[in-house]
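Read the structure below first, then the notes.
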2 protein chains.
Amino acid sequence: MNFVESIFNKIAKKVEAEVKVPCYSRSVEFVLMAAQKTPDFWMIVRYSGEPLVVVASIVRELENHGLIKFEGNKILLTKEGERILENLKIGFGNYLCKACLGKTVSWDLGEVTREFLNIVKDRPEAVKEYDQGYVNSETTLARIAFMDQRGDLRGKNLLILGDDDLVSIAAGLTGLPKHIAVVEIDERLTSFIKRVAEEYGFDVAVYTMDLRNPLPEELVGKFDTFQTDPPETLPALKLFIGRGIAALKGEKCAGYFGLTRIDASLDKWREFQKILVTEFKVVITDMIRDFNEYVNWGYIEEMRGWDLAPLKARPTGYWFTSTFYRIETLKGFKGFNEPMPGDIYYDEETASV
Amino acid sequence: MNFVESIFNKIAKKVEAEVKVPCYSRSVEFVLMAAQKTPDFWMIVRYSGEPLVVVASIVRELENHGLIKFEGNKILLTKEGERILENLKIGFGNYLCKACLGKTVSWDLGEVTREFLNIVKDRPEAVKEYDQGYVNSETTLARIAFMDQRGDLRGKNLLILGDDDLVSIAAGLTGLPKHIAVVEIDERLTSFIKRVAEEYGFDVAVYTMDLRNPLPEELVGKFDTFQTDPPETLPALKLFIGRGIAALKGEKCAGYFGLTRIDASLDKWREFQKILVTEFKVVITDMIRDFNEYVNWGYIEEMRGWDLAPLKARPTGYWFTSTFYRIETLKGFKGFNEPMPGDIYYDEETASV
């Protein structure tokens with residue numbers, strides 16, 4: 001092991017001991033590579049692919065070791081930091097498709113896009129109480145395009161579990177699904193969705209309920225496709241995805257959900273993937289990194305990540321992203337529709353609440 | 001269950017009993033939806049997302065039931081088939097990004113692209129003996145862009161396990177990796193790669209060997225990134241991916257590979273995903289459907305899929321595709337470097353050999 005590797009290793013060990021979240025020598029490398037791309041802490045979190053709690057701690061350690069420095073709102077590589085990257089010749093290439101931003105699909109749905117952009121001007125704002133934080137309109141529309149591309153939208157029964165992203169509205173505007181239902185805890189959202197549906201003349205069955213309670217019998221085993229964007233604790237993942245699967249009609253139905261790396265280590269991802277293939281017995285068919293881009297929410301200065309951030313400046317771009325997963329049910333699959341009381345929003349890896 | 005559903009169910013059961021590969025009511029639906037998009041049997045296989053052996057059998061059954069008909073080289077929906085799709089209102093949307101074709105990255109690597117396109121004019125042709133069938137140049141170049149986008153190329157040690165796609169050449173032309181090695185059984189390919197590397201002035205360490213034997217000690221634990229495109233039997237997947245993982249240096253290194261649905265049911269995918277997260281203890285970070293598009297190989301009329309095809313006409317487009325996976329090693333990961341004698345190319349789901 002050379003000198004630089006031993007510094008990275010030392011930092012990784014110290015960070016992991018401090019934040020109690022897996023941190024690797026290469027996590028340090030990724031953060032340094034991300035700092036080469038952007039001086040904005042929040043964008044460093046996005047590009048590094050590491051949990052925010054880990055990045056915040058690595059950034060402080062890199063500053064202690066003189067590899068980065070803070071100047072005003074900026075995180076900059078020092079000469080020594082730059083020298084290390086030059087010697088290692090490491091970094092990120094920049095080939096992301098400029099047309100779809102890596103989403104694989106176009107979100108130009110014609111009249112639907114125009115109507116949707118108009119409707120969302122009056123949407124309810126995100127609230128901390130329910131870990132809300134909605135995606136930008138391009139993302140919501142791209143989800144519709146992606147589901148339709150896979151044959152999971154038109155003529156299908158679609159269930160949205162938690163809908164601050166207003167997927168039910170975009171789906172309703174297309175007129176393609178056979179039936180749309182929404183389960184959502186926030187009465188502001190359910191009444192907004194009902195009002196829009198009435199105004200634009202499409203049907204959405206809306207259930208204002210807490211998903212910690214089991215789905216009502218009329219929703220179990222009735223849908224072809226579900227979509228959700230759960231909090232990233234393992235109980236919440238099990239709850240939201242398990243409910244979604246329980247709502248599906250049978251084999252070879254589809255589920256879609258976002259999973260971020262910002263509030264969840266890849267080690268936690270692995271645990272969750274194990275639950276998917278061994279407990280729920282579904283298969284993963286697609287995973288599109290940074291498909292979901294979230295609008296900066298109003299309560300950012302109240303969240304744990306703000307306290308952790310080494311610089312108290314607001315993000316300069318879409319920093320919070322998640323990977324879009326598609327799963328499919330197969331022989332032997334099973335969902336989860338038992339009650340799950342208690343707090344599902346917080347664990348030691350969570351920073352955005 | 002209505003009348004149409006009961007026909008789909010009946011067909012699915014009959015097909016599964018006949019070909020001994022999982023077939024679902026919805027598999028029949030997907031094949032009918034794909035037949036609405038294209039009259040070419042091979043493209044129906046691609047769009048349906050079902051194994052070729054299953055599609056071939058479903059197509060015959062749909063013809064028996066009068067839902068499709070054969071006209072010359074074409075598979076066409078009958079009036080009854082069209083009526084069913086119209087009533088169900090099901091189908092595939094068409095939103096694939098026209099710029100990147102759903103690959104998420106641009107493959108315009110400037111001078112590298114021009115040189116690569118020139119080099120491949122003289123490439124060795126695919127042979128059946130080693131289950132070869134290479135991807136088009138856009139795909140090889142997009143793999144380089146994708147790896148670089150993830151920080152897995154520049155300054156990294158890259159191992160290619162089986163290289164009829166000539167990824168080592170495209171990587172070498174960029175000048176970005178620190179070190180490139182290729183393990184390949186086919187002497188025609190290893191000498192082609194060596195000759196090109198010499199002519200264009202980059203280094204590739206080339207090993208002409210059979211991967212059923214363990215990797216030599218000098219390759220174990222030495223790489224940051226591996227890339228491979230294995231046959232889809234479970235032993236071959238375990239062998240190629242296991243060798244790749246064994247060659248990696250440590251935690252948070254990356255592996256890339258293609259996995260098709262044409263020679264493998266999603267049920268087999270699920271088994272393999274279980275191996276990934278529980279035996280190899282790696283995490284899946286990306287899965288891009290149809291990222292890999294294969295050039296139609298010379299021996300298509302000799303393969304099992306040709307015998308199975310209901311019409312003996314050559315494909316009209318890139319029909320054979322695979323999903324591009326990225327995995328990452330984490331704490332506790334392990335590879336596989338034991339000998340594995342015997343046939344690894346064939347199981348009951350394989351049609352392209």
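Please note that chains go A, B, ... in the order of the structure tokens, that every chain numbers its residues from 1, and that ligands are numbered from 1 in the order shown.
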
Selection: 8 Å around Glu251 (chain B), only C-alpha atoms, excl. self and same-chain fewer than 5 positions, as a list in words | Tyr24 and Arg26 of chain A; Glu328, Thr329, Leu330, Lys331 and Phe333 of chain B

Moved chain A, fitted on chain B by every C-alpha in sequence order, as a CSV table (one decimal) with C-alpha atoms, in the first residue's frame:
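New file part.csv:
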chain,number,residue,atom,x,y,z
A,1,MET,CA,-61.2,-14.9,-15.3
A,2,ASN,CA,-62.6,-13.8,-18.6
A,3,PHE,CA,-62.4,-15.7,-21.9
A,4,VAL,CA,-59.3,-14.0,-23.3
A,5,GLU,CA,-57.4,-14.5,-20.0
A,6,SER,CA,-58.4,-18.2,-20.0
A,7,ILE,CA,-56.9,-18.6,-23.5
A,8,PHE,CA,-53.7,-16.9,-22.5
A,9,ASN,CA,-53.5,-19.1,-19.4
A,10,LYS,CA,-54.1,-22.3,-21.5
A,11,ILE,CA,-51.4,-21.3,-24.0
A,12,ALA,CA,-48.9,-20.5,-21.2
A,13,LYS,CA,-49.5,-23.8,-19.5
A,14,LYS,CA,-49.1,-25.8,-22.7
A,15,VAL,CA,-45.9,-23.9,-23.7
A,16,GLU,CA,-44.3,-24.4,-20.3
A,17,ALA,CA,-45.1,-28.1,-20.4
A,18,GLU,CA,-43.6,-28.3,-23.9
A,19,VAL,CA,-40.4,-26.3,-23.6
A,20,LYS,CA,-39.7,-26.8,-19.8
A,21,VAL,CA,-39.0,-23.1,-19.3
A,22,PRO,CA,-41.3,-20.8,-17.2
A,23,CYS,CA,-44.1,-19.3,-19.2
A,24,TYR,CA,-46.8,-17.0,-17.9
A,25,SER,CA,-50.2,-15.8,-19.1
A,26,ARG,CA,-48.5,-12.4,-19.3
A,27,SER,CA,-45.7,-13.9,-21.5
A,28,VAL,CA,-48.4,-14.6,-24.1
A,29,GLU,CA,-49.7,-11.0,-23.7
A,30,PHE,CA,-46.2,-9.6,-24.2
A,31,VAL,CA,-45.7,-11.7,-27.4
A,32,LEU,CA,-49.0,-10.5,-28.8
A,33,MET,CA,-48.0,-6.8,-27.9
A,34,ALA,CA,-44.7,-7.3,-29.6
A,35,ALA,CA,-46.3,-8.7,-32.7
A,36,GLN,CA,-48.2,-5.4,-32.9
A,37,LYS,CA,-44.9,-3.6,-33.2
A,38,THR,CA,-43.2,-5.8,-35.8
A,39,PRO,CA,-43.9,-8.7,-38.2
A,40,ASP,CA,-40.3,-10.0,-37.8
A,41,PHE,CA,-40.1,-13.1,-35.5
A,42,TRP,CA,-36.6,-12.1,-34.2
A,43,MET,CA,-37.8,-8.6,-33.4
A,44,ILE,CA,-40.8,-10.0,-31.6
A,45,VAL,CA,-38.4,-12.0,-29.4
A,46,ARG,CA,-36.5,-8.8,-28.6
A,47,TYR,CA,-39.6,-6.6,-27.8
A,48,SER,CA,-41.4,-9.3,-25.8
A,49,GLY,CA,-38.6,-9.7,-23.3
A,50,GLU,CA,-39.3,-13.4,-23.2
A,51,PRO,CA,-36.8,-16.3,-23.9
A,52,LEU,CA,-36.7,-17.3,-27.6
A,53,VAL,CA,-37.7,-20.9,-26.9
A,54,VAL,CA,-40.8,-19.6,-25.2
A,55,VAL,CA,-41.7,-17.0,-27.9
A,56,ALA,CA,-41.3,-19.6,-30.7
A,57,SER,CA,-43.7,-21.9,-28.9
A,58,ILE,CA,-46.2,-19.1,-28.0
A,59,VAL,CA,-46.2,-17.9,-31.7
A,60,ARG,CA,-47.2,-21.4,-32.9
A,61,GLU,CA,-50.0,-21.5,-30.3
A,62,LEU,CA,-51.2,-18.1,-31.2
A,63,GLU,CA,-51.4,-19.2,-34.8
A,64,ASN,CA,-53.3,-22.3,-33.8
A,65,HIS,CA,-55.8,-20.1,-31.9
A,66,GLY,CA,-56.2,-17.9,-35.0
A,67,LEU,CA,-54.8,-14.8,-33.3
A,68,ILE,CA,-51.8,-14.4,-35.6
A,69,LYS,CA,-51.1,-15.7,-39.1
A,70,PHE,CA,-48.0,-16.3,-41.2
A,71,GLU,CA,-47.7,-14.5,-44.5
A,72,GLY,CA,-44.4,-15.1,-46.4
A,73,ASN,CA,-41.7,-14.0,-43.9
A,74,LYS,CA,-44.1,-12.1,-41.8
A,75,ILE,CA,-46.0,-12.7,-38.6
A,76,LEU,CA,-49.2,-10.7,-38.7
A,77,LEU,CA,-52.1,-10.2,-36.2
A,78,THR,CA,-55.4,-11.6,-37.5
A,79,LYS,CA,-58.6,-9.5,-37.1
A,80,GLU,CA,-59.3,-11.5,-33.9
A,81,GLY,CA,-55.8,-10.8,-32.6
A,82,GLU,CA,-56.2,-7.1,-33.3
A,83,ARG,CA,-59.6,-7.1,-31.7
A,84,ILE,CA,-58.3,-8.6,-28.5
A,85,LEU,CA,-55.5,-6.0,-28.2
A,86,GLU,CA,-58.0,-3.2,-28.9
A,87,ASN,CA,-60.4,-4.4,-26.3
A,88,LEU,CA,-57.6,-4.8,-23.7
A,89,LYS,CA,-56.1,-1.5,-24.8
A,90,ILE,CA,-52.7,-2.9,-24.0
A,91,GLY,CA,-49.4,-2.2,-25.8
A,92,PHE,CA,-45.9,-0.7,-25.6
A,93,GLY,CA,-45.3,3.0,-25.7
A,94,ASN,CA,-42.5,4.3,-27.9
A,95,TYR,CA,-40.4,6.8,-25.9
A,96,LEU,CA,-36.9,5.4,-26.2
A,97,CYS,CA,-34.4,8.2,-26.4
A,98,LYS,CA,-33.4,8.7,-30.0
A,99,ALA,CA,-30.0,10.2,-29.1
A,100,CYS,CA,-28.6,7.4,-26.9
A,101,LEU,CA,-31.1,4.6,-27.8
A,102,GLY,CA,-31.6,4.0,-24.1
A,103,LYS,CA,-27.9,3.5,-23.3
A,104,THR,CA,-27.9,6.7,-21.0
A,105,VAL,CA,-24.5,7.8,-22.5
A,106,SER,CA,-23.2,9.2,-25.7
A,107,TRP,CA,-20.7,7.0,-27.5
A,108,ASP,CA,-19.0,9.8,-29.5
A,109,LEU,CA,-15.5,9.5,-28.2
A,110,GLY,CA,-14.1,11.6,-31.0
A,111,GLU,CA,-10.8,10.3,-32.5
A,112,VAL,CA,-11.2,7.0,-30.5
A,113,THR,CA,-14.6,6.3,-32.3
A,114,ARG,CA,-13.0,7.0,-35.7
A,115,GLU,CA,-10.0,4.7,-35.1
A,116,PHE,CA,-12.2,2.0,-33.6
A,117,LEU,CA,-14.6,1.9,-36.5
A,118,ASN,CA,-11.6,1.6,-38.8
A,119,ILE,CA,-9.9,-1.2,-36.8
A,120,VAL,CA,-13.0,-3.4,-36.6
A,121,LYS,CA,-13.3,-3.7,-40.4
A,122,ASP,CA,-10.7,-6.5,-40.1
A,123,ARG,CA,-12.0,-8.2,-37.0
A,124,PRO,CA,-12.2,-12.0,-36.8
A,125,GLU,CA,-15.8,-13.3,-37.4
A,126,ALA,CA,-17.9,-14.9,-34.6
A,127,VAL,CA,-17.6,-18.6,-34.3
A,128,LYS,CA,-20.2,-21.0,-32.8
A,129,GLU,CA,-17.5,-23.1,-31.0
A,130,TYR,CA,-17.2,-20.4,-28.3
A,131,ASP,CA,-20.7,-19.1,-28.3
A,132,GLN,CA,-19.4,-15.9,-29.9
A,133,GLY,CA,-21.6,-13.1,-31.2
A,134,TYR,CA,-20.2,-9.6,-30.8
A,135,VAL,CA,-22.0,-6.3,-30.1
A,136,ASN,CA,-22.1,-3.5,-32.6
A,137,SER,CA,-19.4,-0.8,-32.4
A,138,GLU,CA,-21.8,1.7,-30.8
A,139,THR,CA,-22.3,-0.7,-27.9
A,140,THR,CA,-18.5,-1.4,-27.4
A,141,LEU,CA,-17.9,2.4,-27.4
A,142,ALA,CA,-20.9,3.1,-25.1
A,143,ARG,CA,-19.5,0.5,-22.6
A,144,ILE,CA,-16.3,2.6,-22.4
A,145,ALA,CA,-18.3,5.8,-22.0
A,146,PHE,CA,-20.5,4.2,-19.3
A,147,MET,CA,-17.5,2.8,-17.3
A,148,ASP,CA,-15.8,6.2,-17.5
A,149,GLN,CA,-19.0,8.0,-16.5
A,150,ARG,CA,-18.9,5.8,-13.3
A,151,GLY,CA,-15.2,6.5,-12.6
A,152,ASP,CA,-14.2,2.9,-13.3
A,153,LEU,CA,-11.9,3.5,-16.3
A,154,ARG,CA,-9.4,6.3,-16.0
A,155,GLY,CA,-6.4,5.4,-13.9
A,156,LYS,CA,-7.8,2.0,-13.3
A,157,ASN,CA,-6.6,-1.6,-13.9
A,158,LEU,CA,-9.2,-3.1,-16.3
A,159,LEU,CA,-9.7,-6.9,-17.0
A,160,ILE,CA,-11.7,-8.2,-19.9
A,161,LEU,CA,-12.8,-11.8,-19.6
A,162,GLY,CA,-13.6,-12.9,-23.1
A,163,ASP,CA,-13.3,-10.1,-25.6
A,164,ASP,CA,-14.9,-10.8,-29.0
A,165,ASP,CA,-16.5,-7.3,-28.4
A,166,LEU,CA,-13.0,-5.8,-28.6
A,167,VAL,CA,-13.5,-3.7,-25.4
A,168,SER,CA,-9.8,-3.9,-24.7
A,169,ILE,CA,-9.0,-2.2,-28.0
A,170,ALA,CA,-11.5,0.7,-27.4
A,171,ALA,CA,-10.2,1.1,-23.9
A,172,GLY,CA,-6.6,1.1,-25.1
A,173,LEU,CA,-7.3,3.7,-27.7
A,174,THR,CA,-8.6,6.1,-25.0
A,175,GLY,CA,-5.3,5.9,-23.2
A,176,LEU,CA,-7.2,6.3,-20.0
A,177,PRO,CA,-6.8,3.0,-18.1
A,178,LYS,CA,-3.6,2.4,-16.1
A,179,HIS,CA,-3.4,-1.2,-17.2
A,180,ILE,CA,-5.5,-3.5,-19.4
A,181,ALA,CA,-5.5,-7.3,-19.5
A,182,VAL,CA,-7.5,-9.7,-21.6
A,183,VAL,CA,-8.3,-13.4,-20.9
A,184,GLU,CA,-9.6,-15.0,-24.1
A,185,ILE,CA,-9.8,-18.6,-25.3
A,186,ASP,CA,-9.8,-17.8,-29.0
A,187,GLU,CA,-6.3,-17.4,-30.4
A,188,ARG,CA,-7.6,-15.5,-33.5
A,189,LEU,CA,-8.9,-12.8,-31.1
A,190,THR,CA,-5.8,-12.6,-28.9
A,191,SER,CA,-3.5,-12.3,-31.8
A,192,PHE,CA,-5.8,-9.6,-33.4
A,193,ILE,CA,-5.8,-7.6,-30.2
A,194,LYS,CA,-2.0,-7.9,-29.8
A,195,ARG,CA,-1.4,-6.8,-33.4
A,196,VAL,CA,-3.7,-3.7,-33.0
A,197,ALA,CA,-2.2,-2.8,-29.7
A,198,GLU,CA,1.2,-2.8,-31.2
A,199,GLU,CA,0.1,-0.8,-34.3
A,200,TYR,CA,-1.7,1.8,-32.2
A,201,GLY,CA,0.9,2.0,-29.5
A,202,PHE,CA,-0.9,0.9,-26.3
A,203,ASP,CA,-0.3,-2.0,-23.9
A,204,VAL,CA,-2.6,-4.9,-23.4
A,205,ALA,CA,-1.6,-8.0,-21.4
A,206,VAL,CA,-3.1,-10.9,-23.3
A,207,TYR,CA,-3.7,-14.4,-21.9
A,208,THR,CA,-4.9,-17.1,-24.3
A,209,MET,CA,-6.7,-19.5,-21.9
A,210,ASP,CA,-9.8,-21.4,-21.1
A,211,LEU,CA,-11.7,-19.7,-18.2
A,212,ARG,CA,-12.9,-23.1,-16.9
A,213,ASN,CA,-9.3,-23.2,-15.5
A,214,PRO,CA,-8.6,-20.9,-12.5
A,215,LEU,CA,-7.1,-17.5,-13.3
A,216,PRO,CA,-3.3,-17.4,-12.9
A,217,GLU,CA,-2.1,-16.1,-9.5
A,218,GLU,CA,-0.8,-12.9,-11.2
A,219,LEU,CA,-4.4,-11.9,-12.1
A,220,VAL,CA,-6.0,-12.6,-8.8
A,221,GLY,CA,-6.8,-9.5,-6.6
A,222,LYS,CA,-5.1,-7.1,-9.0
A,223,PHE,CA,-7.9,-5.2,-10.9
A,224,ASP,CA,-10.3,-2.3,-10.2
A,225,THR,CA,-12.8,-3.1,-12.9
A,226,PHE,CA,-13.7,-6.2,-14.9
A,227,GLN,CA,-16.0,-6.6,-17.9
A,228,THR,CA,-17.4,-9.7,-19.4
A,229,ASP,CA,-20.3,-11.0,-21.6
A,230,PRO,CA,-20.9,-14.6,-20.5
A,231,PRO,CA,-23.1,-17.3,-21.8
A,232,GLU,CA,-26.4,-17.4,-19.8
A,233,THR,CA,-26.3,-20.8,-18.2
A,234,LEU,CA,-26.0,-20.6,-14.4
A,235,PRO,CA,-22.6,-22.4,-14.3
A,236,ALA,CA,-21.3,-20.0,-17.0
A,237,LEU,CA,-22.6,-17.0,-15.1
A,238,LYS,CA,-21.1,-18.2,-11.9
A,239,LEU,CA,-17.8,-19.0,-13.7
A,240,PHE,CA,-17.3,-15.7,-15.6
A,241,ILE,CA,-18.6,-13.3,-12.9
A,242,GLY,CA,-16.9,-15.3,-10.2
A,243,ARG,CA,-13.6,-15.1,-12.0
A,244,GLY,CA,-14.1,-11.4,-12.5
A,245,ILE,CA,-14.8,-10.8,-8.9
A,246,ALA,CA,-11.8,-12.9,-7.9
A,247,ALA,CA,-9.6,-10.7,-10.0
A,248,LEU,CA,-10.7,-7.5,-8.2
A,249,LYS,CA,-8.4,-5.7,-5.7
A,250,GLY,CA,-10.9,-5.3,-2.9
A,251,GLU,CA,-14.0,-3.5,-1.8
A,252,LYS,CA,-15.9,-1.0,-4.0
A,253,CYS,CA,-14.4,-2.3,-7.2
A,254,ALA,CA,-16.7,-2.6,-10.2
A,255,GLY,CA,-17.8,-5.4,-12.5
A,256,TYR,CA,-19.8,-5.0,-15.8
A,257,PHE,CA,-21.5,-7.7,-17.8
A,258,GLY,CA,-24.3,-8.3,-20.2
A,259,LEU,CA,-27.2,-10.6,-19.4
A,260,THR,CA,-29.8,-11.4,-22.0
A,261,ARG,CA,-33.5,-12.4,-21.6
A,262,ILE,CA,-33.4,-14.2,-25.0
A,263,ASP,CA,-31.4,-17.2,-23.6
A,264,ALA,CA,-32.5,-16.8,-20.0
A,265,SER,CA,-35.9,-16.6,-18.3
A,266,LEU,CA,-36.4,-13.9,-15.6
A,267,ASP,CA,-36.8,-16.9,-13.2
A,268,LYS,CA,-33.2,-17.7,-14.0
A,269,TRP,CA,-32.2,-14.1,-13.6
A,270,ARG,CA,-33.7,-14.2,-10.1
A,271,GLU,CA,-31.6,-17.3,-9.3
A,272,PHE,CA,-28.5,-15.5,-10.5
A,273,GLN,CA,-29.3,-12.3,-8.6
A,274,LYS,CA,-29.6,-14.4,-5.5
A,275,ILE,CA,-26.1,-15.7,-6.2
A,276,LEU,CA,-24.8,-12.2,-6.7
A,277,VAL,CA,-26.2,-10.8,-3.4
A,278,THR,CA,-25.9,-13.9,-1.1
A,279,GLU,CA,-22.9,-15.9,-2.4
A,280,PHE,CA,-20.7,-13.3,-4.1
A,281,LYS,CA,-22.1,-10.7,-1.7
A,282,VAL,CA,-21.9,-7.9,-4.2
A,283,VAL,CA,-24.5,-5.2,-4.8
A,284,ILE,CA,-26.1,-4.4,-8.2
A,285,THR,CA,-25.9,-0.7,-8.9
A,286,ASP,CA,-27.1,-0.4,-12.6
A,287,MET,CA,-29.1,-2.4,-15.1
A,288,ILE,CA,-29.7,-0.9,-18.5
A,289,ARG,CA,-32.1,-2.9,-20.7
A,290,ASP,CA,-31.1,-3.5,-24.4
A,291,PHE,CA,-27.8,-1.6,-23.8
A,292,ASN,CA,-26.0,-4.3,-25.7
A,293,GLU,CA,-27.1,-4.8,-29.3
A,294,TYR,CA,-25.4,-7.7,-31.2
A,295,VAL,CA,-24.4,-7.9,-34.8
A,296,ASN,CA,-26.2,-10.8,-36.5
A,297,TRP,CA,-23.6,-13.6,-36.6
A,298,GLY,CA,-22.8,-15.8,-39.5
A,299,TYR,CA,-23.9,-19.1,-38.0
A,300,ILE,CA,-27.5,-18.0,-37.2
A,301,GLU,CA,-28.9,-20.8,-39.5
A,302,GLU,CA,-27.0,-23.4,-37.5
A,303,MET,CA,-28.2,-22.4,-34.1
A,304,ARG,CA,-31.0,-24.0,-32.1
A,305,GLY,CA,-33.1,-20.8,-32.3
A,306,TRP,CA,-33.2,-21.1,-36.1
A,307,ASP,CA,-34.7,-24.6,-35.8
A,308,LEU,CA,-37.2,-23.3,-33.3
A,309,ALA,CA,-38.2,-20.2,-35.4
A,310,PRO,CA,-41.6,-20.6,-37.0
A,311,LEU,CA,-40.4,-18.8,-40.1
A,312,LYS,CA,-37.0,-19.3,-41.7
A,313,ALA,CA,-36.2,-15.7,-42.5
A,314,ARG,CA,-33.1,-13.8,-41.4
A,315,PRO,CA,-33.6,-11.0,-38.9
A,316,THR,CA,-34.3,-7.4,-40.2
A,317,GLY,CA,-32.6,-5.6,-37.4
A,318,TYR,CA,-30.6,-5.9,-34.1
A,319,TRP,CA,-32.8,-8.5,-32.6
A,320,PHE,CA,-30.3,-10.0,-30.0
A,321,THR,CA,-29.8,-7.6,-27.1
A,322,SER,CA,-28.8,-7.8,-23.4
A,323,THR,CA,-29.1,-5.8,-20.3
A,324,PHE,CA,-25.9,-4.2,-19.1
A,325,TYR,CA,-25.3,-4.8,-15.4
A,326,ARG,CA,-22.9,-3.0,-13.1
A,327,ILE,CA,-22.0,-4.6,-9.7
A,328,GLU,CA,-19.8,-3.3,-6.9
A,329,THR,CA,-17.9,-5.3,-4.3
A,330,LEU,CA,-18.6,-4.6,-0.6
A,331,LYS,CA,-17.5,-5.9,2.8
A,332,GLY,CA,-17.5,-9.7,2.8
A,333,PHE,CA,-17.5,-10.1,-1.0
A,334,LYS,CA,-16.0,-13.2,-2.5
A,335,GLY,CA,-15.2,-14.5,-6.0
A,336,PHE,CA,-14.9,-17.9,-7.5
A,337,ASN,CA,-11.6,-19.3,-8.8
A,338,GLU,CA,-12.0,-23.0,-8.6
A,339,PRO,CA,-11.8,-25.2,-11.8
A,340,MET,CA,-15.2,-25.9,-13.5
A,341,PRO,CA,-14.9,-28.7,-16.1
A,342,GLY,CA,-17.7,-29.6,-18.5
A,343,ASP,CA,-20.1,-27.9,-20.9
A,344,ILE,CA,-21.0,-24.4,-19.8
A,345,TYR,CA,-22.7,-23.2,-23.0
A,346,TYR,CA,-26.0,-25.1,-23.0
A,347,ASP,CA,-29.2,-25.5,-20.9
A,348,GLU,CA,-32.8,-25.8,-21.8
A,349,GLU,CA,-33.3,-22.0,-22.1
A,350,THR,CA,-30.4,-21.5,-24.6
A,351,ALA,CA,-31.4,-20.8,-28.2
A,352,SER,CA,-28.5,-18.8,-29.6
A,353,VAL,CA,-26.0,-21.6,-29.6

Would you mind writing down, as an MDAnalysis selection string, each residue of region 177-234 of chain B that DSSP on the backbone assigns to strand (DSSP E)?
-> chainID B and resid 179:184 205:208 225:228

Enumerate as a ChimeraX atom specification all residues of region 26-69 of chain B assigned to alpha helix (DSSP H) by DSSP on the backbone, naming them with the chain letters and numbers the document uses.
-> /B:26-37,41-48,52-64
